[in-house]
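The structure appears right after this line, and notes come after that.
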Amino acid sequence: MHVYEAIRARYSVREYFPAPVTDEQVNRVLEAARLAPSSSNRQDWRFIVVRDAGRREQLAQAASNQMWIAGAPVIIAAIGTNPSSVMTCGLPRHAVDVSIAITHMMLAAVEEGLGTCWIGMFSQDRVREILGVNPDCVVVTIMPLGHPHAGRIPAKSRKRLEDIVRYETDSR
């Protein structure tokens, strides 16, 4: 699969078959994150792979009771390990770097025939507690990973390129 095919094929999966995801598939997805660029190549991130059904259910509850999340056989929590670091442009380094790594993982998952969904609606404190995350770190997302339920691919609604791109300045 070419990268453009993976980009077009990726969608937010909210229903998973209970089929297992192999260790090899998980490792290839994690390798995509490891290879992602980061500010000054710091790789200030950590990824927690959750397979335990009880812990997945707790994470789904911590994500505003979005219980469909627990239906994925794997949940990967993406952790920023240096949340106080800010880039020169004023953005928090962990938010940018971990987002890039997660995007790499999402595209690698498509290559593996798997689906994902970026979850941003969760209790930071509760997820930290469930996963034993160091208080000096921040959970950027929890991402279910699994085999998407066939036939439930939602149509993508995207703005036209002309509506989001400007050349040289932000004015038209």
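In the structure tokens, the first chain shown is A, the next is B, and so on; residue numbers restart at 1 for each chain, and ligands run from 1 in the order shown.
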Can you check which parts of range 33-90 of chain A lie within 10 Å of range 10-18 of chain A? Per residue, the shortest pair of atoms and distance in Å to one decimal, counting only C-alpha atoms, sorted by chain and number, as a Markdown table.
```
| residue | atom | partner | partner_atom | distance |
| --- | --- | --- | --- | --- |
| A:Gln66 | CA | A:Arg14 | CA | 9.6 |
| A:Met67 | CA | A:Arg14 | CA | 9.9 |
| A:Trp68 | CA | A:Glu15 | CA | 6.4 |
| A:Ile69 | CA | A:Arg14 | CA | 7.1 |
| A:Ala70 | CA | A:Tyr16 | CA | 9.3 |
| A:Gly71 | CA | A:Tyr16 | CA | 6.0 |
| A:Ala72 | CA | A:Tyr16 | CA | 5.4 |
| A:Pro73 | CA | A:Pro18 | CA | 6.3 |
```
Saved selection, atoms kept: N, CA, C and O atoms, as a PDB file, in the first residue's frame:
```
ATOM      1  N   GLN A  66     -17.388   5.763  27.039  1.00  0.00           N
ATOM      2  CA  GLN A  66     -17.446   5.351  25.635  1.00  0.00           C
ATOM      3  C   GLN A  66     -17.063   3.863  25.585  1.00  0.00           C
ATOM      4  O   GLN A  66     -15.936   3.505  25.263  1.00  0.00           O
ATOM      5  N   MET A  67     -18.003   3.004  25.929  1.00  0.00           N
ATOM      6  CA  MET A  67     -17.701   1.596  26.144  1.00  0.00           C
ATOM      7  C   MET A  67     -17.276   0.861  24.875  1.00  0.00           C
ATOM      8  O   MET A  67     -16.653  -0.191  24.953  1.00  0.00           O
ATOM      9  N   TRP A  68     -17.552   1.414  23.715  1.00  0.00           N
ATOM     10  CA  TRP A  68     -17.093   0.797  22.475  1.00  0.00           C
ATOM     11  C   TRP A  68     -15.572   0.697  22.434  1.00  0.00           C
ATOM     12  O   TRP A  68     -15.013  -0.183  21.771  1.00  0.00           O
ATOM     13  N   ILE A  69     -14.884   1.586  23.149  1.00  0.00           N
ATOM     14  CA  ILE A  69     -13.422   1.572  23.179  1.00  0.00           C
ATOM     15  C   ILE A  69     -12.914   0.237  23.713  1.00  0.00           C
ATOM     16  O   ILE A  69     -11.933  -0.321  23.214  1.00  0.00           O
ATOM     17  N   ALA A  70     -13.587  -0.292  24.728  1.00  0.00           N
ATOM     18  CA  ALA A  70     -13.174  -1.561  25.336  1.00  0.00           C
ATOM     19  C   ALA A  70     -13.337  -2.729  24.370  1.00  0.00           C
ATOM     20  O   ALA A  70     -12.761  -3.799  24.587  1.00  0.00           O
ATOM     21  N   GLY A  71     -14.100  -2.553  23.299  1.00  0.00           N
ATOM     22  CA  GLY A  71     -14.296  -3.608  22.306  1.00  0.00           C
ATOM     23  C   GLY A  71     -13.079  -3.845  21.437  1.00  0.00           C
ATOM     24  O   GLY A  71     -12.982  -4.887  20.775  1.00  0.00           O
ATOM     25  N   ALA A  72     -12.151  -2.914  21.413  1.00  0.00           N
ATOM     26  CA  ALA A  72     -10.908  -3.128  20.668  1.00  0.00           C
ATOM     27  C   ALA A  72     -10.017  -4.051  21.493  1.00  0.00           C
ATOM     28  O   ALA A  72      -9.919  -3.888  22.715  1.00  0.00           O
ATOM     29  N   PRO A  73      -9.339  -5.002  20.863  1.00  0.00           N
ATOM     30  CA  PRO A  73      -8.495  -5.923  21.628  1.00  0.00           C
ATOM     31  C   PRO A  73      -7.233  -5.286  22.214  1.00  0.00           C
ATOM     32  O   PRO A  73      -6.608  -5.851  23.104  1.00  0.00           O
TER      33      PRO A  73
END
```
| Which parts of range 61-169 of chain A does DSSP call strand (DSSP E) when run on the backbone here, written out as a list of chain:residue names? | A:Val74, A:Ile75, A:Ile76, A:Ala77, A:Ala78, A:Ile79, A:Gly80, A:Gly115, A:Thr116, A:Val138, A:Val139, A:Val140, A:Thr141, A:Ile142, A:Met143, A:Pro144, A:Leu145, A:Gly146
| field | Residue with smallest distance to Leu35 in chain A - pool A:His147, A:Arg128, A:His104, A:Arg166, counting only C-alpha atoms | value | A:His104
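Among the candidates A:Leu107, A:Ala36, A:Met121, A:Ala155, the residue lying nearest to Val140 in chain A is A:Met121 (atoms considered: only C-alpha atoms).
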| said: Just the number, please: distance in Å from CA of Arg126 in chain A to CA of Ala32 in chain A, one decimal. | reply: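 Atom-to-atom, CA of Arg126 in chain A to CA of Ala32 in chain A, that is 27.5 Å.
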| task | Pick out the residues sitting within 7 Å of Gly146 in chain A, and hand them over as a ChimeraX atom specification; count only C-alpha atoms, and ignore anything fewer than 2 positions along from it in its own chain. | result | /A:16,21,72-74,114-116,144,148
Writing out the chosen residues with N, CA and C atoms as a short mmCIF file (atom, residue, chain, number, x, y, z; two decimals), in the first residue's frame:
```cif
data_model
loop_
_atom_site.label_atom_id
_atom_site.label_comp_id
_atom_site.auth_asym_id
_atom_site.auth_seq_id
_atom_site.Cartn_x
_atom_site.Cartn_y
_atom_site.Cartn_z
N TYR A 16 -15.20 -2.71 16.62
CA TYR A 16 -14.15 -3.66 16.32
C TYR A 16 -14.64 -5.09 16.44
N VAL A 21 -5.22 -9.04 17.83
CA VAL A 21 -4.18 -8.35 17.08
C VAL A 21 -2.87 -9.01 17.51
N ALA A 72 -12.15 -2.91 21.41
CA ALA A 72 -10.91 -3.13 20.67
C ALA A 72 -10.02 -4.05 21.49
N PRO A 73 -9.34 -5.00 20.86
CA PRO A 73 -8.49 -5.92 21.63
C PRO A 73 -7.23 -5.29 22.21
N VAL A 74 -6.89 -4.10 21.72
CA VAL A 74 -5.70 -3.39 22.20
C VAL A 74 -6.05 -1.92 22.34
N LEU A 114 -5.72 -2.84 10.15
CA LEU A 114 -6.30 -2.53 11.45
C LEU A 114 -6.90 -1.13 11.46
N GLY A 115 -7.72 -0.86 12.45
CA GLY A 115 -8.32 0.45 12.60
C GLY A 115 -7.98 1.05 13.94
N THR A 116 -8.10 2.36 14.02
CA THR A 116 -7.79 3.12 15.24
C THR A 116 -8.79 4.25 15.38
N PRO A 144 -7.68 3.07 20.68
CA PRO A 144 -8.03 1.67 20.44
C PRO A 144 -7.42 1.20 19.13
N PRO A 148 -11.32 -3.50 12.20
CA PRO A 148 -12.57 -2.75 12.06
C PRO A 148 -13.73 -3.64 11.65
#
```
| said: Ranking A:Arg28, A:Arg8, A:Arg55, A:His149 by minimum distance to Glu112 in chain A and counting only C-alpha atoms, which one comes first? | reply: A:Arg28
| Within 9 Å of Arg93 in chain A, counting only C-alpha atoms, which residues qualify if same-chain residues fewer than 5 places away don't, as a list of chain:residue names? |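 Listed by chain and then number, they are A:Ser38, A:Ser39, A:Asp44, A:Gly80, A:Asn82, A:Pro83, A:Ser84, A:Ser85, A:Val86, A:Met87, A:Val98.
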| task | Enumerate the residues of range 12-140 of chain A with a DSSP assignment of alpha helix (DSSP H), computed from the backbone, and present them as a PyMOL selection string. | result | chain A and resi 23-34+53-62+93-111+124-131
Using C-alpha atoms, can you export the residues from the last selection as a short mmCIF file (atom, residue, chain, number, x, y, z; two decimals), in the first residue's frame?
```cif
data_model
loop_
_atom_site.label_atom_id
_atom_site.label_comp_id
_atom_site.auth_asym_id
_atom_site.auth_seq_id
_atom_site.Cartn_x
_atom_site.Cartn_y
_atom_site.Cartn_z
CA ASP A 23 2.25 -9.07 18.79
CA GLU A 24 3.95 -8.65 15.41
CA GLN A 25 1.23 -6.25 14.22
CA VAL A 26 1.40 -4.24 17.46
CA ASN A 27 5.19 -4.08 17.22
CA ARG A 28 5.09 -2.82 13.63
CA VAL A 29 2.61 -0.12 14.64
CA LEU A 30 4.83 0.84 17.58
CA GLU A 31 7.89 0.84 15.32
CA ALA A 32 6.16 3.47 13.17
CA ALA A 33 5.93 5.67 16.28
CA ARG A 34 9.56 5.04 17.16
CA ALA A 53 -10.04 -6.73 29.14
CA GLY A 54 -10.67 -5.34 32.63
CA ARG A 55 -8.19 -2.52 32.18
CA ARG A 56 -9.60 -1.73 28.71
CA GLU A 57 -13.04 -1.47 30.29
CA GLN A 58 -11.70 0.89 32.97
CA LEU A 59 -10.13 3.06 30.26
CA ALA A 60 -13.43 3.15 28.36
CA GLN A 61 -15.18 4.27 31.55
CA ALA A 62 -12.51 6.93 32.08
CA ARG A 93 6.58 20.04 22.65
CA HIS A 94 4.80 16.89 23.88
CA ALA A 95 1.51 17.74 22.14
CA VAL A 96 3.21 18.15 18.77
CA ASP A 97 5.69 15.28 19.02
CA VAL A 98 3.28 12.69 20.36
CA SER A 99 0.67 13.72 17.78
CA ILE A 100 3.16 13.06 14.99
CA ALA A 101 4.01 9.64 16.46
CA ILE A 102 0.35 8.71 16.83
CA THR A 103 -0.35 9.72 13.24
CA HIS A 104 2.46 7.43 12.10
CA MET A 105 0.89 4.65 14.18
CA MET A 106 -2.55 5.25 12.67
CA LEU A 107 -1.22 4.98 9.12
CA ALA A 108 0.82 1.88 9.99
CA ALA A 109 -2.34 0.34 11.43
CA VAL A 110 -4.11 0.85 8.09
CA GLU A 111 -1.23 -0.95 6.39
CA GLN A 124 -6.46 12.65 32.61
CA ASP A 125 -6.36 11.82 36.32
CA ARG A 126 -8.34 8.60 35.99
CA VAL A 127 -6.30 7.29 33.03
CA ARG A 128 -3.07 8.11 34.87
CA GLU A 129 -4.33 6.15 37.85
CA ILE A 130 -5.44 3.12 35.78
CA LEU A 131 -2.11 2.95 33.95
#
```
| query | Separation of CA of Cys137 in chain A and CA of Ala77 in chain A, in Å? | reply |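 Computing it gives 12.0 Å between the two atoms.
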| query | In Å, how far is it from CA of Asp52 in chain A to CA of Ile76 in chain A? | reply |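 Here the two named atoms are 11.6 Å from each other.
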| task | Give me the residues within 6 Å of Ile75 in chain A as a list in words, counting only C-alpha atoms and dropping any in the same chain fewer than 2 places off. | result |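 With the cut-off at 6 Å, the set is Val50, Met143, Pro144 and Leu145 of chain A.
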